[in-house]
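Structure file start12.csv (CSV, C-alpha atoms and all ligand atoms) is printed below.
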chain,number,residue,atom,x,y,z
A,1440,MET,CA,20.3,-2.9,-10.4
A,1441,ARG,CA,17.9,-3.0,-7.4
A,1442,ASN,CA,20.5,-1.3,-5.2
A,1443,PHE,CA,21.0,1.6,-7.7
A,1444,ALA,CA,19.5,4.9,-6.6
A,1445,ILE,CA,16.3,6.5,-7.7
A,1446,GLY,CA,17.1,9.5,-9.9
A,1447,ALA,CA,15.0,12.7,-9.4
A,1448,PHE,CA,15.3,16.0,-11.0
A,1449,ASP,CA,13.7,19.4,-10.9
A,1450,SER,CA,14.2,22.9,-12.3
A,1451,GLY,CA,15.5,23.8,-8.8
A,1452,LEU,CA,14.9,22.8,-5.2
A,1453,GLY,CA,11.1,22.6,-5.4
A,1454,GLY,CA,11.5,18.9,-6.3
A,1455,LEU,CA,12.6,18.3,-2.7
A,1456,THR,CA,8.9,18.2,-1.8
A,1457,VAL,CA,8.7,15.1,-4.1
A,1458,VAL,CA,11.9,13.7,-2.5
A,1459,LYS,CA,10.1,14.2,0.9
A,1460,GLU,CA,7.3,11.9,-0.3
A,1461,LEU,CA,9.7,9.4,-1.8
A,1462,ARG,CA,11.5,9.2,1.5
A,1463,LYS,CA,8.2,8.7,3.4
A,1464,ALA,CA,7.1,5.9,1.0
A,1465,LEU,CA,10.5,4.4,0.4
A,1466,PRO,CA,12.8,5.2,3.4
A,1467,ASN,CA,15.4,2.7,2.4
A,1468,GLU,CA,16.0,3.9,-1.2
A,1469,ASN,CA,19.0,5.9,-2.1
A,1470,ILE,CA,18.2,9.0,-4.1
A,1471,VAL,CA,20.3,11.1,-6.5
A,1472,TYR,CA,18.7,14.5,-6.8
A,1473,PHE,CA,19.6,17.1,-9.5
A,1474,GLY,CA,18.2,20.6,-9.0
A,1475,ASP,CA,18.9,22.8,-12.0
A,1476,THR,CA,19.3,25.9,-9.8
A,1477,GLY,CA,21.3,27.7,-12.4
A,1478,ARG,CA,18.5,27.7,-15.0
A,1479,VAL,CA,15.4,27.8,-12.7
A,1480,PRO,CA,12.5,28.7,-13.3
A,1481,TYR,CA,11.4,26.4,-16.1
A,1482,GLY,CA,7.7,27.3,-15.6
A,1483,SER,CA,7.9,30.6,-17.6
A,1484,LYS,CA,10.1,29.2,-20.4
A,1485,SER,CA,9.1,27.7,-23.8
A,1486,GLU,CA,8.3,24.1,-24.4
A,1487,ILE,CA,11.5,23.7,-26.6
A,1488,THR,CA,13.7,25.1,-23.9
A,1489,ILE,CA,12.2,23.1,-21.1
A,1490,THR,CA,12.4,19.9,-23.1
A,1491,LYS,CA,16.1,20.6,-23.9
A,1492,TYR,CA,16.9,21.2,-20.2
A,1493,ALA,CA,14.9,18.1,-19.1
A,1494,LYS,CA,16.9,15.9,-21.6
A,1495,GLU,CA,20.2,17.2,-20.2
A,1496,ASP,CA,19.0,16.6,-16.6
A,1497,GLU,CA,17.9,13.1,-17.4
A,1498,ALA,CA,21.3,12.3,-19.2
A,1499,PHE,CA,23.1,13.5,-16.1
A,1500,LEU,CA,21.1,11.1,-13.8
A,1501,ILE,CA,21.6,8.2,-16.2
A,1502,LYS,CA,25.4,8.8,-16.0
A,1503,ASN,CA,25.0,8.4,-12.3
A,1504,ASN,CA,23.6,4.8,-12.6
A,1505,VAL,CA,20.0,5.3,-11.5
A,1506,LYS,CA,17.4,2.5,-11.7
A,1507,LEU,CA,14.6,4.8,-12.7
A,1508,ILE,CA,14.0,8.6,-13.2
A,1509,VAL,CA,11.4,10.7,-11.6
A,1510,ALA,CA,10.5,14.1,-13.1
A,1511,ALA,CA,10.1,15.8,-9.7
A,1512,CYS,CA,8.9,18.9,-11.5
A,1513,GLY,CA,5.3,19.8,-12.4
A,1514,THR,CA,6.3,21.7,-15.5
A,1515,VAL,CA,8.6,19.0,-17.0
A,1516,SER,CA,5.9,16.4,-16.1
A,1517,SER,CA,3.2,18.3,-18.0
A,1518,LEU,CA,5.4,18.3,-21.2
A,1519,THR,CA,6.3,14.6,-21.0
A,1520,VAL,CA,3.1,12.9,-20.1
A,1521,ASP,CA,2.0,10.3,-22.7
A,1522,LYS,CA,5.3,10.8,-24.7
A,1523,PRO,CA,7.1,7.6,-25.4
A,1524,ASN,CA,10.0,7.0,-23.0
A,1525,THR,CA,13.2,7.0,-24.9
A,1526,LEU,CA,15.5,6.7,-21.9
A,1527,SER,CA,17.3,3.5,-21.0
A,1528,VAL,CA,15.5,3.4,-17.6
A,1529,PRO,CA,11.8,3.7,-16.6
A,1530,PHE,CA,10.5,7.2,-16.3
A,1531,PHE,CA,7.8,8.5,-14.0
A,1532,GLU,CA,6.0,11.8,-14.3
A,1533,MET,CA,3.6,13.5,-11.8
A,1534,ILE,CA,0.5,14.1,-13.9
A,1535,THR,CA,-0.9,10.6,-14.3
A,1536,PRO,CA,-0.9,9.6,-10.6
A,1537,ALA,CA,-2.3,13.0,-9.5
A,1538,VAL,CA,-5.1,12.9,-12.1
A,1539,LYS,CA,-6.1,9.3,-11.2
A,1540,SER,CA,-6.3,10.3,-7.6
A,1541,ALA,CA,-8.4,13.5,-8.4
A,1542,VAL,CA,-10.8,11.6,-10.6
A,1543,LYS,CA,-11.3,9.1,-7.7
A,1544,ALA,CA,-11.8,11.9,-5.2
A,1545,THR,CA,-14.2,14.2,-6.9
A,1546,LYS,CA,-17.9,13.8,-6.1
A,1547,ASN,CA,-19.2,16.7,-8.2
A,1548,LYS,CA,-16.9,16.1,-11.2
A,1549,ARG,CA,-15.4,19.6,-10.9
A,1550,ILE,CA,-11.6,19.6,-10.7
A,1551,GLY,CA,-9.2,22.5,-10.3
A,1552,ILE,CA,-5.6,22.6,-11.3
A,1553,ILE,CA,-3.0,25.1,-10.1
A,1554,GLY,CA,0.6,25.2,-11.6
A,1555,THR,CA,3.1,27.3,-13.5
A,1556,TYR,CA,2.2,29.1,-16.7
A,1557,ALA,CA,3.8,26.3,-18.8
A,1558,THR,CA,1.9,23.6,-16.9
A,1559,ILE,CA,-1.5,25.2,-17.3
A,1560,LYS,CA,-0.8,26.1,-20.9
A,1561,SER,CA,0.0,22.5,-21.7
A,1562,GLU,CA,-3.4,21.3,-20.5
A,1563,ALA,CA,-1.8,18.0,-19.6
A,1564,HIS,CA,-4.0,17.5,-16.5
A,1565,LYS,CA,-7.1,18.5,-18.3
A,1566,ASN,CA,-6.5,16.1,-21.2
A,1567,LYS,CA,-5.8,13.3,-18.9
A,1568,ILE,CA,-8.8,14.0,-16.8
A,1569,LYS,CA,-11.0,14.1,-19.9
A,1570,GLU,CA,-9.7,10.7,-20.9
A,1571,LEU,CA,-10.8,9.2,-17.6
A,1572,MET,CA,-13.9,11.3,-17.0
A,1573,PRO,CA,-15.1,13.0,-20.2
A,1574,GLU,CA,-18.0,14.8,-18.5
A,1575,ALA,CA,-15.7,16.5,-15.9
A,1576,PHE,CA,-15.5,20.3,-15.6
A,1577,VAL,CA,-11.8,21.2,-15.3
A,1578,LEU,CA,-10.4,24.7,-14.4
A,1579,GLY,CA,-6.7,25.5,-14.6
A,1580,GLU,CA,-5.1,28.6,-12.9
A,1581,ALA,CA,-1.5,29.6,-13.2
A,1582,CYS,CA,-0.1,30.8,-9.9
A,1583,PRO,CA,3.5,31.9,-10.6
A,1584,LEU,CA,4.0,33.9,-7.4
A,1585,PHE,CA,3.6,31.0,-5.1
A,1586,VAL,CA,7.1,29.8,-6.1
A,1587,PRO,CA,9.1,32.8,-4.9
A,1588,MET,CA,6.8,33.1,-1.8
A,1589,VAL,CA,7.6,29.6,-0.7
A,1590,GLU,CA,11.3,30.0,-1.5
A,1591,ASN,CA,11.4,33.1,0.7
A,1592,GLY,CA,9.6,31.4,3.6
A,1593,ILE,CA,6.4,33.3,3.1
A,1594,ILE,CA,4.2,30.3,3.9
A,1595,ASP,CA,2.3,31.0,7.1
A,1596,LYS,CA,-1.4,30.7,6.6
A,1597,ASN,CA,-1.9,33.8,8.9
A,1598,ASP,CA,0.5,35.9,7.0
A,1599,ILE,CA,-1.4,38.7,5.2
A,1600,VAL,CA,0.6,38.3,2.0
A,1601,VAL,CA,-0.2,34.6,1.9
A,1602,LYS,CA,-3.9,35.2,2.6
A,1603,GLU,CA,-4.1,37.8,-0.1
A,1604,MET,CA,-2.2,35.8,-2.8
A,1605,VAL,CA,-4.1,32.5,-2.0
A,1606,LYS,CA,-7.4,34.4,-2.3
A,1607,ARG,CA,-6.4,36.0,-5.5
A,1608,TYR,CA,-5.3,32.8,-7.2
A,1609,LEU,CA,-7.9,30.4,-5.8
A,1610,LYS,CA,-11.0,32.6,-6.0
A,1611,PRO,CA,-11.9,31.2,-9.5
A,1612,ILE,CA,-11.5,27.7,-8.2
A,1613,LYS,CA,-13.7,28.4,-5.2
A,1614,GLU,CA,-16.3,30.2,-7.3
A,1615,ALA,CA,-16.4,27.4,-9.8
A,1616,GLU,CA,-17.2,25.1,-6.9
A,1617,CYS,CA,-14.4,22.6,-7.6
A,1618,ASP,CA,-14.4,20.0,-4.9
A,1619,THR,CA,-10.9,18.7,-5.8
A,1620,LEU,CA,-7.7,20.6,-6.5
A,1621,ILE,CA,-4.5,19.3,-7.9
A,1622,MET,CA,-1.5,21.2,-6.5
A,1623,GLY,CA,0.4,20.8,-9.8
A,1624,CYS,CA,3.7,22.5,-8.9
A,1625,THR,CA,6.4,21.3,-6.6
A,1626,HIS,CA,6.2,24.2,-4.2
A,1627,TYR,CA,2.5,24.3,-3.6
A,1628,PRO,CA,2.1,21.5,-1.0
A,1629,ILE,CA,4.0,23.8,1.3
A,1630,LEU,CA,1.0,26.2,1.2
A,1631,GLU,CA,-1.5,23.4,1.8
A,1632,SER,CA,-2.8,24.7,5.1
A,1633,ALA,CA,-3.2,28.2,3.6
A,1634,PHE,CA,-5.2,26.6,0.7
A,1635,ASN,CA,-7.3,24.6,3.2
A,1636,GLU,CA,-8.0,27.8,5.2
A,1637,TYR,CA,-9.2,29.8,2.2
A,1638,LEU,CA,-11.2,26.8,0.8
A,1639,GLU,CA,-12.7,26.2,4.3
A,1640,GLY,CA,-11.6,22.6,4.3
A,1641,LYS,CA,-14.2,21.8,1.7
A,1642,VAL,CA,-11.9,20.9,-1.2
A,1643,THR,CA,-9.8,17.7,-1.5
A,1644,LEU,CA,-6.2,18.8,-2.1
A,1645,ILE,CA,-4.1,16.4,-4.2
A,1646,ASN,CA,-0.4,16.3,-3.7
A,1647,PRO,CA,1.1,14.9,-6.9
A,1648,GLY,CA,4.4,14.0,-5.2
A,1649,GLU,CA,2.6,11.8,-2.7
A,1650,MET,CA,0.8,10.0,-5.5
A,1651,LEU,CA,3.9,9.6,-7.6
A,1652,ALA,CA,5.8,8.1,-4.6
A,1653,LYS,CA,3.0,5.5,-4.3
A,1654,THR,CA,3.3,4.7,-8.0
A,1655,VAL,CA,7.1,4.3,-7.7
A,1656,LYS,CA,6.8,2.1,-4.7
A,1657,GLU,CA,4.3,-0.1,-6.5
A,1658,TYR,CA,6.6,-0.4,-9.5
A,1659,LEU,CA,9.7,-1.3,-7.4
A,1660,THR,CA,7.7,-3.8,-5.3
A,1661,GLU,CA,6.1,-5.5,-8.3
A,1662,ASN,CA,9.4,-5.7,-10.2
A,1663,ASN,CA,11.4,-6.9,-7.2
A,1664,LEU,CA,13.6,-3.8,-7.4
A,1665,LEU,CA,13.4,-2.5,-3.8
A,1666,ASN,CA,16.8,-1.6,-2.4
A,1667,ASP,CA,17.9,-4.3,0.0
A,1668,SER,CA,21.4,-3.0,0.9
A,1669,GLY,CA,20.1,-0.7,3.8
A,1670,CYS,CA,21.8,-0.3,7.1
A,1671,LYS,CA,20.9,-3.2,9.3
A,1672,LYS,CA,21.9,-1.6,12.7
A,1673,GLY,CA,19.4,-1.6,15.6
A,1674,LEU,CA,16.7,0.8,14.8
A,1675,GLU,CA,16.6,2.3,18.3
A,1676,ASN,CA,20.2,3.1,18.3
A,1677,GLU,CA,20.1,4.7,14.9
A,1678,CYS,CA,17.2,6.9,15.9
A,1679,LYS,CA,19.0,8.0,19.0
A,1680,ILE,CA,22.0,9.0,17.0
A,1681,GLY,CA,19.7,10.8,14.5
A,1682,LEU,CA,17.8,12.6,17.3
A,1683,LYS,CA,21.1,13.9,18.7
A,1684,ASN,CA,22.0,15.3,15.3
A,1685,TYR,CA,18.6,16.9,15.0
A,1686,GLY,CA,18.7,18.3,18.5
A,1687,ASN,CA,18.9,21.9,17.3
A,1688,ASN,CA,15.8,21.6,15.3
A,1689,LYS,CA,13.4,19.9,17.6
A,1690,ASN,CA,10.3,20.7,15.7
A,1691,SER,CA,11.4,19.5,12.3
A,1692,GLU,CA,9.4,16.7,10.7
A,1693,ARG,CA,12.6,14.6,10.7
A,1694,SER,CA,13.0,14.9,14.5
A,1695,ASN,CA,9.4,14.0,15.0
A,1696,GLU,CA,9.9,10.9,12.8
A,1697,LEU,CA,12.9,9.9,14.8
A,1698,LYS,CA,11.0,10.2,18.0
A,1699,GLN,CA,8.5,7.7,16.6
A,1700,GLY,CA,11.3,5.4,15.7
A,1701,ILE,CA,11.1,5.9,11.9
A,1702,GLU,CA,14.6,5.5,10.6
A,1703,LYS,CA,15.5,6.1,7.0
A,1704,THR,CA,18.5,4.1,5.8
A,1705,GLY,CA,18.5,5.5,2.3
A,1706,ARG,CA,20.9,8.3,1.5
A,1707,ILE,CA,20.4,11.3,-0.7
A,1708,GLU,CA,23.1,12.8,-2.9
A,1709,TYR,CA,22.4,16.3,-4.1
A,1710,PHE,CA,23.7,17.9,-7.3
A,1711,VAL,CA,22.9,21.5,-8.3
A,1712,SER,CA,23.9,23.7,-11.2
A,1713,ASP,CA,24.5,26.9,-9.3
A,1714,LYS,CA,26.3,27.9,-6.0
A,1715,PRO,CA,24.6,25.9,-3.2
A,1716,ASP,CA,24.5,29.0,-0.9
A,1717,SER,CA,20.9,29.0,0.2
A,1718,PHE,CA,20.5,25.2,-0.2
A,1719,MET,CA,20.2,24.4,3.5
A,1720,LYS,CA,17.6,27.0,4.2
A,1721,GLN,CA,15.5,26.0,1.2
A,1722,ALA,CA,15.9,22.3,1.9
A,1723,LEU,CA,14.5,22.7,5.4
A,1724,ILE,CA,11.4,24.3,4.0
A,1725,LEU,CA,10.9,22.0,1.1
A,1726,LEU,CA,12.2,18.7,2.4
A,1727,GLY,CA,10.9,19.1,5.9
A,1728,GLU,CA,14.3,17.9,7.3
A,1729,GLU,CA,17.9,19.0,7.2
A,1730,ALA,CA,19.7,17.9,4.1
A,1731,SER,CA,22.3,15.4,5.3
A,1732,GLY,CA,23.9,14.1,2.0
A,1733,ASP,CA,26.6,15.6,-0.1
A,1734,ILE,CA,25.9,18.7,-2.2
A,1735,THR,CA,27.9,19.0,-5.3
A,1736,LYS,CA,27.8,21.8,-7.9
A,1737,ILE,CA,28.1,20.6,-11.5
A,1738,ASP,CA,28.1,22.3,-14.9
A,1739,ILE,CA,25.1,20.8,-16.5
A,1740,GLU,CA,26.0,22.2,-20.0
A,1741,LYS,CA,29.3,20.3,-19.8
A,1742,GLU,CA,27.7,17.1,-18.6
A,1743,LYS,CA,26.2,16.3,-22.0
B,1801,LIG,N1,9.5,23.0,-10.1
B,1801,LIG,C1,8.6,23.8,-11.0
B,1801,LIG,C2,7.3,23.1,-11.1
B,1801,LIG,O1,6.9,22.2,-10.4
B,1801,LIG,C3,8.3,25.2,-10.4
B,1801,LIG,C4,9.5,26.1,-10.5
B,1801,LIG,C5,9.8,26.5,-12.0
B,1801,LIG,O2,9.0,27.2,-12.6
B,1801,LIG,O3,10.8,26.0,-12.5
B,1801,LIG,O4,6.5,23.3,-12.0

As structure tokens, what does this structure read like?
Amino acid sequence: MRNFAIGAFDSGLGGLTVVKELRKALPNENIVYFGDTGRVPYGSKSEITITKYAKEDEAFLIKNNVKLIVAACGTVSSLTVDKPNTLSVPFFEMITPAVKSAVKATKNKRIGIIGTYATIKSEAHKNKIKELMPEAFVLGEACPLFVPMVENGIIDKNDIVVKEMVKRYLKPIKEAECDTLIMGCTHYPILESAFNEYLEGKVTLINPGEMLAKTVKEYLTENNLLNDSGCKKGLENECKIGLKNYGNNKNSERSNELKQGIEKTGRIEYFVSDKPDSFMKQALILLGEEASGDITKIDIEKEK
């Protein structure tokens, strides 16, 4: 069981920002990732539809022998938080770890949340914050256009479109003087420097993927479930080989890691539900490294 992969799923490829954090925290874990690219976005759909899709995504991962499942999607997480886990493996969502971290970080007890329409409508973060800090002021803002912006590579903090959209969406958060902001959607951490610029570095930004990865690491460590089947070759040599492979992309996060001698022995297997045409381009933006595992297209409807 300990050497089974971690299963992670998202409505599309945004969940790769969560995989990125899992890779940082748990470099030796194998990951099976399912991106429902044929049915993305989830964030503008109804709770009934999102829940149905999530169940199918989870069933697919379970068939792939995973040791636990991560909802690497802010929208799915917001609809599953505090619901009993009916799966045969442990389930992790992104709301609880992010909220705990925000409650710890805030000094003025004013917390902002940004996410998809469905996430903000669910009030999942707000309810959880109120459980831990009843006196907190909580403001949620739906920011749907950030998703296509990131997917189209419109992420530079100096880009006029980025500046304008960040200002438009974050103005209420700034005006409400929130000192902490949960980036409650998979794509948003890619815009972190643009958020920081507009908020003048005065607001603590919480990346739910990072907090979730910490939680998963704690769980695996405490339960003696860390993968121990990793490649045992000399680190130096591995990194040299890796660097050669990443030679064309010298500035990627991955090549920087390799220069510092950080090797990841875990492998990622990718499954998607639509043609994987733009996968590599998207993966580089969202994962921060070139996707090196197999990419397989499946028919999620037939996987039931
Ligand atoms: N992955 C989704 C989320 O984190 C964003 C994209 C979508 O709407 O499906 O909420």

Using Å and a single decimal, report how far CA of Leu1630 in chain A sits from CA of Thr1643 in chain A. 14.0 Å

Could you list the protein, DNA and RNA residues that have any atom within 7 Å of ligand LIG 1801 (chain B), counting only C-alpha atoms and all ligand atoms, and write them as a list in words? Asp1449, Ser1450, Gly1451, Gly1453, Gly1454, Val1479, Pro1480, Tyr1481, Gly1482, Ser1483, Cys1512, Gly1513, Thr1514, Val1515, Gly1554, Thr1555, Thr1558, Val1586, Gly1623, Cys1624, Thr1625 and His1626 of chain A

Pick the closest to Leu1500 in chain A from A:Ile1487, A:Ile1734, A:Val1605, A:Ile1470: which is it, counting all atoms listed in the file?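 Closest residue, counting all atoms listed in the file: A:Ile1470.
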
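With only C-alpha atoms as the atoms that count, the residue of A:Lys1610, A:Lys1506, A:Lys1491, A:Lys1543 with the shortest distance to Leu1571 in chain A is A:Lys1543.
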
Calculated over all atoms listed in the file, which of the candidates A:Ser1527, A:Ser1517, A:Asn1547, A:Thr1735 has the smallest distance to Asp1475 in chain A?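 Looking at the shortest contact to Asp1475 in chain A, the residue is A:Thr1735.
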
Between CA of Val1520 in chain A and CA of Met1533 in chain A, distance in Å (one decimal):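 Separation of CA of Val1520 in chain A and CA of Met1533 in chain A: 8.3 Å.
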
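Closest to Lys1546 in chain A among A:Glu1486, A:Glu1603, A:Glu1460, A:Glu1616 is A:Glu1616, based on only C-alpha atoms.
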
Could you list, as an mmCIF file with C-alpha atoms, keeping the file's coordinate frame, every residue within 12 Å of Asn1591 in chain A, counting only C-alpha atoms and ignoring same-chain residues fewer than 3 positions away?
data_model
loop_
_atom_site.group_PDB
_atom_site.id
_atom_site.type_symbol
_atom_site.label_atom_id
_atom_site.label_comp_id
_atom_site.auth_asym_id
_atom_site.auth_seq_id
_atom_site.Cartn_x
_atom_site.Cartn_y
_atom_site.Cartn_z
ATOM 1 C CA LEU A 1584 4.000 33.900 -7.400
ATOM 2 C CA PHE A 1585 3.600 31.000 -5.100
ATOM 3 C CA VAL A 1586 7.100 29.800 -6.100
ATOM 4 C CA PRO A 1587 9.100 32.800 -4.900
ATOM 5 C CA MET A 1588 6.800 33.100 -1.800
ATOM 6 C CA ILE A 1594 4.200 30.300 3.900
ATOM 7 C CA ASP A 1595 2.300 31.000 7.100
ATOM 8 C CA VAL A 1601 -0.200 34.600 1.900
ATOM 9 C CA HIS A 1626 6.200 24.200 -4.200
ATOM 10 C CA ILE A 1629 4.000 23.800 1.300
ATOM 11 C CA SER A 1717 20.900 29.000 0.200
ATOM 12 C CA LYS A 1720 17.600 27.000 4.200
ATOM 13 C CA GLN A 1721 15.500 26.000 1.200
ATOM 14 C CA ALA A 1722 15.900 22.300 1.900
ATOM 15 C CA LEU A 1723 14.500 22.700 5.400
ATOM 16 C CA ILE A 1724 11.400 24.300 4.000
ATOM 17 C CA LEU A 1725 10.900 22.000 1.100
#

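If you count all atoms listed in the file and ignore residues fewer than 2 places along the chain from Ile1550 in chain A, what sits within 7 Å of it is Lys1548, Ile1552, Phe1576, Val1577, Leu1578, Cys1617, Asp1618, Thr1619 and Leu1620 of chain A.
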